[in-house]
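Notes follow once the structure below has been shown.
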There are 2 protein chains.
Amino acid sequence: MKFFEDIAIGERAELGRQTFTAGDIKAFAGRFDPQLFHLDEAAAARSHFGALCASGWHTAAVWMRLMVEHQRREDAARRERNEPVAELGPSPGFRDLKWLKPVYVGDTVNYAMEIIEARPSNSRPGWGLITLRNTGVNQKGEPVISFVSVAFVERRRVAGKDRA
Amino acid sequence: MKFFEDIAIGERAELGRQTFTAGDIKAFAGRFDPQLFHLDEAAAARSHFGALCASGWHTAAVWMRLMVEHQRREDAARRERNEPVAELGPSPGFRDLKWLKPVYVGDTVNYAMEIIEARPSNSRPGWGLITLRNTGVNQKGEPVISFVSVAFVERRRVAGKDRA
């Protein structure tokens with residue numbers, strides 16, 4: 001992770017993409033959202049969705065995976081450049097999650113995030129609080145998910161002795 | 001599901017409980033949130049969490065499972081009483097999701113929901129829109145997750161011929 005001071009509002013990153021297979025959709029739904037339109041093609045065809053589609057929680061969980069992998073790649077690149085790596089703290093939560101379109105079998109969702117707010121944390125000295133708008137867009141360019149997340153990010157130490 | 005007209009604001013239901021095992025936590029994290037404090041006990045002990053704990057998305061996904069199972073039990077009971085069963089439509093999303101405390105290995109989370117708003121849908125005739133406050137509380141009585149979700153619920157047909 002970048003340090004809080006190096007994060008600019010408006011900064012955007014592509015996090016990666018995932019194609020949702022019938023197997024992935026059914027495996028997630030079997031464990032966490034066992035509604036028939038996420039589990040069975042014929043039942044899904046008769047439902048308001050019209051075809052097998054992913055649980056909304058599955059679409060959201062894939063964002064988390066791609067975000068973790070994106071940060072990991074970025075941190076590896078920083079280490080290669082001998083730059084310090086900031087710690088990403090816990091997330092207090094999310095707001096305004098919208099499932100805008102169903103994600104059907106074979107859909108490829110491109111996930112991205114944009115920094116929309118950044119401020120020093122009042123409750124945790126040494127940390128900043130960043131707010132991200134996260135989106136997933138399918139292969140037709142249709143947004144399928146959007147939400148706003150908040151996370152703590154480490155600040156540079158004021159003494160600064162261990163800065164690169 | 002009850003019909004929209006039979007749902008009262010303030011109505012509350014216990015959805016069920018889940019004990020989070022190390023195996024469950026690591027299986028979810030391995031697929032969707034591969035951060036070390038969700039995957040490895042020793043690394044988690046050194047992290048800000050202090051011990052292995054569940055991905056927040058895992059805690060949320062378990063709510064979904066328990067909600068589906070709760071509705072299924074309720075619908076089965078309605079059918080036994082020869083009462084009609086309303087359709088639960090898609091959820092447009094949720095808001096204000098807060099992870100209030102980590103969920104550690106062995107924690108048992110009790111999930112509940114409460115109806116906080118109900119109104120006829122403007123965009124979909126024949127449907128109502130209900131707003132739920134959802135919570136998960138651990139075995140010490142500490143809230144670990146809360147969020148507000150919205151869902152479409154079928155209205156009774158105006159002609160009413162097929163009412164029970």
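Chain labels A, B, ... are given in the sequence in which chains occur in the structure tokens; within each chain residues are numbered consecutively from 1, and ligands are likewise numbered from 1 in the order shown.
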
Open item on the list: I need the contact residues of chain B against chain A, so if you could list those with any atom within 8 Å, counting only C-alpha atoms, and return them as a PyMOL selection string, that would help.
Closed with: chain B and resi 31-35+48+57+61-62+64-65+68+89+91-100

Residues flagged helix (DSSP H, G or I) by DSSP in stretch 4-138 of chain A, as a compact mmCIF listing (two decimals) with N, CA and C atoms, in the first residue's frame:
```txt
# COMPACT_ATOMS: atom_id res chain seq x y z
N PHE A 4 -0.49 7.05 3.34
CA PHE A 4 -1.63 7.95 3.28
C PHE A 4 -1.30 9.25 2.54
N GLU A 5 -0.12 9.81 2.84
CA GLU A 5 0.25 11.11 2.26
C GLU A 5 0.44 11.06 0.74
N ASP A 6 0.64 9.87 0.21
CA ASP A 6 0.91 9.73 -1.23
C ASP A 6 -0.34 9.40 -2.04
N ALA A 22 -20.44 -21.20 -14.48
CA ALA A 22 -21.57 -21.84 -13.79
C ALA A 22 -21.06 -22.56 -12.54
N GLY A 23 -19.89 -23.17 -12.64
CA GLY A 23 -19.33 -23.89 -11.48
C GLY A 23 -19.04 -22.95 -10.31
N ASP A 24 -18.41 -21.82 -10.59
CA ASP A 24 -18.12 -20.82 -9.54
C ASP A 24 -19.42 -20.33 -8.89
N ILE A 25 -20.39 -20.02 -9.74
CA ILE A 25 -21.65 -19.44 -9.25
C ILE A 25 -22.37 -20.42 -8.33
N LYS A 26 -22.41 -21.71 -8.76
CA LYS A 26 -23.11 -22.71 -7.95
C LYS A 26 -22.34 -23.03 -6.67
N ALA A 27 -21.01 -23.03 -6.75
CA ALA A 27 -20.22 -23.36 -5.55
C ALA A 27 -20.43 -22.29 -4.48
N PHE A 28 -20.40 -21.02 -4.87
CA PHE A 28 -20.63 -19.95 -3.89
C PHE A 28 -22.04 -20.05 -3.34
N ALA A 29 -23.01 -20.18 -4.24
CA ALA A 29 -24.41 -20.19 -3.81
C ALA A 29 -24.70 -21.38 -2.91
N GLY A 30 -24.10 -22.52 -3.21
CA GLY A 30 -24.33 -23.70 -2.38
C GLY A 30 -23.91 -23.46 -0.94
N ARG A 31 -22.88 -22.67 -0.75
CA ARG A 31 -22.40 -22.40 0.61
C ARG A 31 -23.09 -21.20 1.26
N PHE A 32 -23.41 -20.18 0.47
CA PHE A 32 -23.80 -18.91 1.09
C PHE A 32 -25.11 -18.30 0.60
N LEU A 36 -32.64 -20.88 -5.69
CA LEU A 36 -32.60 -21.74 -6.88
C LEU A 36 -32.04 -21.04 -8.11
N PHE A 37 -32.27 -19.70 -8.22
CA PHE A 37 -31.78 -19.01 -9.43
C PHE A 37 -30.26 -18.82 -9.42
N HIS A 38 -29.61 -19.21 -8.30
CA HIS A 38 -28.14 -19.22 -8.27
C HIS A 38 -27.59 -20.64 -8.36
N GLU A 41 -29.99 -24.15 -13.48
CA GLU A 41 -30.26 -23.44 -14.74
C GLU A 41 -31.76 -23.39 -15.07
N ALA A 42 -32.44 -24.54 -14.91
CA ALA A 42 -33.86 -24.59 -15.32
C ALA A 42 -34.71 -23.71 -14.40
N ALA A 43 -34.44 -23.78 -13.09
CA ALA A 43 -35.20 -22.94 -12.16
C ALA A 43 -34.90 -21.46 -12.39
N ALA A 44 -33.64 -21.16 -12.71
CA ALA A 44 -33.26 -19.77 -12.97
C ALA A 44 -33.98 -19.23 -14.21
N ALA A 45 -34.15 -20.09 -15.22
CA ALA A 45 -34.82 -19.66 -16.46
C ALA A 45 -36.28 -19.27 -16.17
N ARG A 46 -36.88 -19.90 -15.17
CA ARG A 46 -38.27 -19.59 -14.83
C ARG A 46 -38.38 -18.40 -13.85
N GLY A 56 -25.28 -11.85 -5.38
CA GLY A 56 -24.67 -10.53 -5.26
C GLY A 56 -23.49 -10.51 -4.31
N TRP A 57 -23.54 -11.38 -3.30
CA TRP A 57 -22.42 -11.45 -2.35
C TRP A 57 -21.19 -12.06 -2.99
N HIS A 58 -21.42 -12.91 -3.99
CA HIS A 58 -20.31 -13.49 -4.75
C HIS A 58 -19.63 -12.39 -5.58
N THR A 59 -20.44 -11.59 -6.26
CA THR A 59 -19.89 -10.48 -7.06
C THR A 59 -19.07 -9.53 -6.18
N ALA A 60 -19.55 -9.31 -4.95
CA ALA A 60 -18.82 -8.44 -4.02
C ALA A 60 -17.54 -9.11 -3.52
N ALA A 61 -17.61 -10.40 -3.20
CA ALA A 61 -16.44 -11.11 -2.65
C ALA A 61 -15.31 -11.18 -3.68
N VAL A 62 -15.67 -11.26 -4.96
CA VAL A 62 -14.63 -11.28 -6.00
C VAL A 62 -13.90 -9.93 -6.03
N TRP A 63 -14.61 -8.85 -5.81
CA TRP A 63 -13.94 -7.54 -5.68
C TRP A 63 -12.85 -7.62 -4.60
N MET A 64 -13.20 -8.20 -3.46
CA MET A 64 -12.23 -8.27 -2.35
C MET A 64 -10.98 -9.01 -2.80
N ARG A 65 -11.18 -10.16 -3.46
CA ARG A 65 -10.03 -10.94 -3.91
C ARG A 65 -9.15 -10.13 -4.86
N LEU A 66 -9.78 -9.47 -5.83
CA LEU A 66 -9.00 -8.73 -6.82
C LEU A 66 -8.32 -7.53 -6.18
N MET A 67 -8.95 -6.93 -5.19
CA MET A 67 -8.34 -5.81 -4.47
C MET A 67 -7.10 -6.28 -3.70
N VAL A 68 -7.19 -7.42 -3.02
CA VAL A 68 -6.03 -7.96 -2.28
C VAL A 68 -4.90 -8.27 -3.26
N GLU A 69 -5.24 -8.90 -4.38
CA GLU A 69 -4.19 -9.27 -5.36
C GLU A 69 -3.56 -8.03 -5.99
N HIS A 70 -4.39 -7.02 -6.24
CA HIS A 70 -3.87 -5.76 -6.79
C HIS A 70 -2.89 -5.12 -5.83
N GLN A 71 -3.26 -5.04 -4.54
CA GLN A 71 -2.37 -4.43 -3.55
C GLN A 71 -1.07 -5.23 -3.43
N ARG A 72 -1.20 -6.55 -3.53
CA ARG A 72 -0.01 -7.41 -3.43
C ARG A 72 0.96 -7.14 -4.58
N ARG A 73 0.42 -7.01 -5.79
CA ARG A 73 1.27 -6.71 -6.96
C ARG A 73 1.93 -5.34 -6.80
N GLU A 74 1.14 -4.38 -6.33
CA GLU A 74 1.68 -3.02 -6.16
C GLU A 74 2.78 -3.00 -5.10
N ASP A 75 2.56 -3.75 -4.02
CA ASP A 75 3.57 -3.78 -2.95
C ASP A 75 4.84 -4.47 -3.42
N ALA A 76 4.69 -5.54 -4.23
CA ALA A 76 5.87 -6.23 -4.75
C ALA A 76 6.67 -5.28 -5.63
N ALA A 77 5.98 -4.48 -6.44
CA ALA A 77 6.67 -3.52 -7.32
C ALA A 77 7.39 -2.46 -6.48
N ARG A 78 6.76 -2.03 -5.38
CA ARG A 78 7.41 -1.04 -4.50
C ARG A 78 8.68 -1.63 -3.89
N ARG A 79 8.59 -2.87 -3.45
CA ARG A 79 9.78 -3.50 -2.85
C ARG A 79 10.90 -3.62 -3.88
N GLU A 80 10.55 -3.92 -5.11
CA GLU A 80 11.58 -4.00 -6.16
C GLU A 80 12.26 -2.66 -6.39
```

- [ ] Identify which of the residues A:Glu83, A:Val150, A:Val103, A:Ala54 lies closest to A:Glu117, counting only C-alpha atoms when measuring atom-to-atom distances.
- [x] A:Val150

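Distance annotation: of A:Leu52, A:Val153, A:Leu15, A:Val137, the residue with the minimal separation from A:Val109 is A:Val137; atom set is only C-alpha atoms.
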
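For the pair atom CA of B:Asp107 and atom CA of B:Thr21, the interatomic distance is 8.0 Å.
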
Open item on the list: Which residues are near A:Glu14? Cut-off 7 Å, only C-alpha atoms, ignore same chain within fewer than 3 positions. Put them as a PyMOL selection string.
Closed with: chain A and resi 111-113

Output file for the residues above (C-alpha atoms, as a short mmCIF file (atom, residue, chain, number, x, y, z; two decimals), in the first residue's frame):
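And here is the file that came out, out31.cif:
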```cif
data_model
loop_
_atom_site.label_atom_id
_atom_site.label_comp_id
_atom_site.auth_asym_id
_atom_site.auth_seq_id
_atom_site.Cartn_x
_atom_site.Cartn_y
_atom_site.Cartn_z
CA TYR A 111 -13.42 -4.16 -11.27
CA ALA A 112 -11.97 -0.72 -10.57
CA MET A 113 -11.60 1.63 -7.62
#
```

- [ ] Would you mind reading off the distance between atom CA of A:Asn110 and atom CA of A:Phe152, one decimal, in Å?
- [x] 24.5 Å

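Each of A:Asn138, A:Ile130, A:Thr108, A:Ala86 was compared to A:Ala8 using only C-alpha atoms, and A:Ile130 turns out to be the nearest.
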
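With distances restricted to only C-alpha atoms, B:Arg133 is the closest residue to B:Ala13 from B:Lys140, B:Arg81, B:Arg124, B:Arg133.
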
So that I can check the secondary structure, give me every residue of chain A assigned strand (DSSP E) by backbone DSSP, as an mmCIF file with N, CA and C atoms, in the first residue's frame.
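Wrote it out as out.cif, contents follow:
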```
data_model
loop_
_atom_site.group_PDB
_atom_site.id
_atom_site.type_symbol
_atom_site.label_atom_id
_atom_site.label_comp_id
_atom_site.auth_asym_id
_atom_site.auth_seq_id
_atom_site.Cartn_x
_atom_site.Cartn_y
_atom_site.Cartn_z
ATOM 1 N N ARG A 12 -7.298 6.479 -9.639
ATOM 2 C CA ARG A 12 -8.116 5.352 -10.059
ATOM 3 C C ARG A 12 -7.226 4.170 -10.392
ATOM 4 N N ALA A 13 -7.687 2.970 -10.113
ATOM 5 C CA ALA A 13 -6.922 1.780 -10.491
ATOM 6 C C ALA A 13 -7.857 0.702 -10.995
ATOM 7 N N GLU A 14 -7.416 0.037 -12.050
ATOM 8 C CA GLU A 14 -8.102 -1.165 -12.522
ATOM 9 C C GLU A 14 -7.625 -2.309 -11.636
ATOM 10 N N LEU A 15 -8.546 -3.062 -11.078
ATOM 11 C CA LEU A 15 -8.153 -4.113 -10.128
ATOM 12 C C LEU A 15 -8.006 -5.481 -10.790
ATOM 13 N N GLY A 16 -8.653 -5.657 -11.921
ATOM 14 C CA GLY A 16 -8.604 -6.954 -12.590
ATOM 15 C C GLY A 16 -10.000 -7.365 -13.002
ATOM 16 N N ARG A 17 -10.089 -8.528 -13.600
ATOM 17 C CA ARG A 17 -11.389 -8.979 -14.107
ATOM 18 C C ARG A 17 -11.619 -10.430 -13.731
ATOM 19 N N GLN A 18 -12.874 -10.817 -13.691
ATOM 20 C CA GLN A 18 -13.200 -12.231 -13.478
ATOM 21 C C GLN A 18 -14.372 -12.634 -14.354
ATOM 22 N N THR A 19 -14.227 -13.803 -14.977
ATOM 23 C CA THR A 19 -15.331 -14.406 -15.713
ATOM 24 C C THR A 19 -16.033 -15.382 -14.780
ATOM 25 N N GLY A 93 -16.044 -0.679 7.238
ATOM 26 C CA GLY A 93 -17.265 -1.117 6.582
ATOM 27 C C GLY A 93 -17.445 -0.503 5.208
ATOM 28 N N PHE A 94 -18.678 -0.577 4.736
ATOM 29 C CA PHE A 94 -19.043 -0.191 3.388
ATOM 30 C C PHE A 94 -20.351 0.567 3.420
ATOM 31 N N ARG A 95 -20.606 1.304 2.357
ATOM 32 C CA ARG A 95 -21.939 1.884 2.258
ATOM 33 C C ARG A 95 -22.416 1.886 0.804
ATOM 34 N N ASP A 96 -23.721 1.990 0.679
ATOM 35 C CA ASP A 96 -24.341 2.181 -0.636
ATOM 36 C C ASP A 96 -23.932 1.122 -1.643
ATOM 37 N N LEU A 97 -24.027 -0.140 -1.226
ATOM 38 C CA LEU A 97 -23.758 -1.200 -2.195
ATOM 39 C C LEU A 97 -24.977 -1.397 -3.081
ATOM 40 N N LYS A 98 -24.752 -1.327 -4.389
ATOM 41 C CA LYS A 98 -25.863 -1.487 -5.343
ATOM 42 C C LYS A 98 -25.545 -2.612 -6.313
ATOM 43 N N TRP A 99 -26.487 -3.550 -6.411
ATOM 44 C CA TRP A 99 -26.397 -4.567 -7.454
ATOM 45 C C TRP A 99 -27.233 -4.052 -8.617
ATOM 46 N N THR A 108 -18.026 -11.408 -17.875
ATOM 47 C CA THR A 108 -16.713 -11.003 -17.361
ATOM 48 C C THR A 108 -16.863 -9.627 -16.732
ATOM 49 N N VAL A 109 -16.521 -9.543 -15.455
ATOM 50 C CA VAL A 109 -16.677 -8.272 -14.736
ATOM 51 C C VAL A 109 -15.298 -7.656 -14.513
ATOM 52 N N ASN A 110 -15.157 -6.413 -14.944
ATOM 53 C CA ASN A 110 -13.941 -5.629 -14.716
ATOM 54 C C ASN A 110 -14.160 -4.762 -13.487
ATOM 55 N N TYR A 111 -13.286 -4.908 -12.514
ATOM 56 C CA TYR A 111 -13.415 -4.160 -11.268
ATOM 57 C C TYR A 111 -12.422 -2.991 -11.247
ATOM 58 N N ALA A 112 -12.856 -1.879 -10.700
ATOM 59 C CA ALA A 112 -11.971 -0.717 -10.569
ATOM 60 C C ALA A 112 -12.296 0.003 -9.276
ATOM 61 N N MET A 113 -11.345 0.799 -8.806
ATOM 62 C CA MET A 113 -11.603 1.628 -7.620
ATOM 63 C C MET A 113 -11.074 3.031 -7.865
ATOM 64 N N GLU A 114 -11.686 3.981 -7.174
ATOM 65 C CA GLU A 114 -11.272 5.377 -7.285
ATOM 66 C C GLU A 114 -11.296 5.986 -5.890
ATOM 67 N N ILE A 115 -10.263 6.750 -5.578
ATOM 68 C CA ILE A 115 -10.221 7.415 -4.269
ATOM 69 C C ILE A 115 -11.137 8.640 -4.313
ATOM 70 N N ILE A 116 -12.107 8.696 -3.423
ATOM 71 C CA ILE A 116 -13.014 9.853 -3.450
ATOM 72 C C ILE A 116 -12.883 10.725 -2.200
ATOM 73 N N GLU A 117 -12.161 10.254 -1.192
ATOM 74 C CA GLU A 117 -12.002 11.054 0.023
ATOM 75 C C GLU A 117 -10.788 10.516 0.764
ATOM 76 N N ALA A 118 -10.066 11.404 1.446
ATOM 77 C CA ALA A 118 -8.921 10.973 2.249
ATOM 78 C C ALA A 118 -8.742 11.986 3.377
ATOM 79 N N ARG A 119 -8.676 11.482 4.603
ATOM 80 C CA ARG A 119 -8.483 12.397 5.732
ATOM 81 C C ARG A 119 -7.739 11.672 6.848
ATOM 82 N N PRO A 120 -6.959 12.424 7.629
ATOM 83 C CA PRO A 120 -6.296 11.802 8.782
ATOM 84 C C PRO A 120 -7.353 11.236 9.727
ATOM 85 N N TRP A 127 -2.620 6.982 11.457
ATOM 86 C CA TRP A 127 -3.384 6.387 10.361
ATOM 87 C C TRP A 127 -4.232 7.440 9.658
ATOM 88 N N GLY A 128 -4.451 7.215 8.362
ATOM 89 C CA GLY A 128 -5.414 8.016 7.607
ATOM 90 C C GLY A 128 -6.582 7.133 7.219
ATOM 91 N N LEU A 129 -7.665 7.786 6.825
ATOM 92 C CA LEU A 129 -8.865 7.052 6.446
ATOM 93 C C LEU A 129 -9.158 7.400 4.986
ATOM 94 N N ILE A 130 -9.176 6.392 4.125
ATOM 95 C CA ILE A 130 -9.474 6.661 2.721
ATOM 96 C C ILE A 130 -10.834 6.073 2.360
ATOM 97 N N THR A 131 -11.513 6.765 1.473
ATOM 98 C CA THR A 131 -12.826 6.319 0.994
ATOM 99 C C THR A 131 -12.697 6.046 -0.499
ATOM 100 N N LEU A 132 -13.150 4.860 -0.902
ATOM 101 C CA LEU A 132 -13.034 4.423 -2.298
ATOM 102 C C LEU A 132 -14.410 4.207 -2.900
ATOM 103 N N ARG A 133 -14.577 4.573 -4.150
ATOM 104 C CA ARG A 133 -15.753 4.110 -4.895
ATOM 105 C C ARG A 133 -15.315 2.931 -5.747
ATOM 106 N N ASN A 134 -15.979 1.808 -5.540
ATOM 107 C CA ASN A 134 -15.629 0.568 -6.220
ATOM 108 C C ASN A 134 -16.713 0.218 -7.224
ATOM 109 N N THR A 135 -16.301 -0.225 -8.400
ATOM 110 C CA THR A 135 -17.287 -0.562 -9.420
ATOM 111 C C THR A 135 -16.906 -1.859 -10.123
ATOM 112 N N GLY A 136 -17.907 -2.548 -10.612
ATOM 113 C CA GLY A 136 -17.709 -3.702 -11.490
ATOM 114 C C GLY A 136 -18.569 -3.495 -12.720
ATOM 115 N N VAL A 137 -17.965 -3.670 -13.888
ATOM 116 C CA VAL A 137 -18.637 -3.398 -15.165
ATOM 117 C C VAL A 137 -18.515 -4.656 -16.028
ATOM 118 N N PRO A 143 -22.582 -1.345 -15.771
ATOM 119 C CA PRO A 143 -22.224 -1.507 -14.355
ATOM 120 C C PRO A 143 -23.097 -2.579 -13.717
ATOM 121 N N VAL A 144 -22.482 -3.493 -12.984
ATOM 122 C CA VAL A 144 -23.242 -4.547 -12.300
ATOM 123 C C VAL A 144 -23.204 -4.382 -10.779
ATOM 124 N N ILE A 145 -22.164 -3.720 -10.277
ATOM 125 C CA ILE A 145 -22.060 -3.507 -8.822
ATOM 126 C C ILE A 145 -21.351 -2.181 -8.589
ATOM 127 N N SER A 146 -21.760 -1.472 -7.546
ATOM 128 C CA SER A 146 -20.982 -0.318 -7.095
ATOM 129 C C SER A 146 -21.152 -0.200 -5.593
ATOM 130 N N PHE A 147 -20.112 0.218 -4.925
ATOM 131 C CA PHE A 147 -20.207 0.484 -3.495
ATOM 132 C C PHE A 147 -19.066 1.370 -3.066
ATOM 133 N N VAL A 148 -19.210 1.923 -1.885
ATOM 134 C CA VAL A 148 -18.228 2.845 -1.327
ATOM 135 C C VAL A 148 -17.620 2.159 -0.108
ATOM 136 N N SER A 149 -16.304 2.066 -0.076
ATOM 137 C CA SER A 149 -15.651 1.408 1.059
ATOM 138 C C SER A 149 -14.688 2.366 1.738
ATOM 139 N N VAL A 150 -14.412 2.056 2.975
ATOM 140 C CA VAL A 150 -13.540 2.909 3.785
ATOM 141 C C VAL A 150 -12.442 2.013 4.356
ATOM 142 N N ALA A 151 -11.215 2.522 4.406
ATOM 143 C CA ALA A 151 -10.123 1.718 4.975
ATOM 144 C C ALA A 151 -9.109 2.621 5.652
ATOM 145 N N PHE A 152 -8.472 2.070 6.672
ATOM 146 C CA PHE A 152 -7.365 2.762 7.322
ATOM 147 C C PHE A 152 -6.067 2.486 6.554
ATOM 148 N N VAL A 153 -5.266 3.539 6.369
ATOM 149 C CA VAL A 153 -3.960 3.404 5.717
ATOM 150 C C VAL A 153 -2.924 4.094 6.595
ATOM 151 N N GLU A 154 -1.778 3.452 6.723
ATOM 152 C CA GLU A 154 -0.695 3.982 7.556
ATOM 153 C C GLU A 154 -0.197 5.340 7.043
#
```

- [ ] Could you check how far atom CA of B:Gly50 sits from atom CA of B:Phe20, in Å to one decimal?
- [x] 16.5 Å
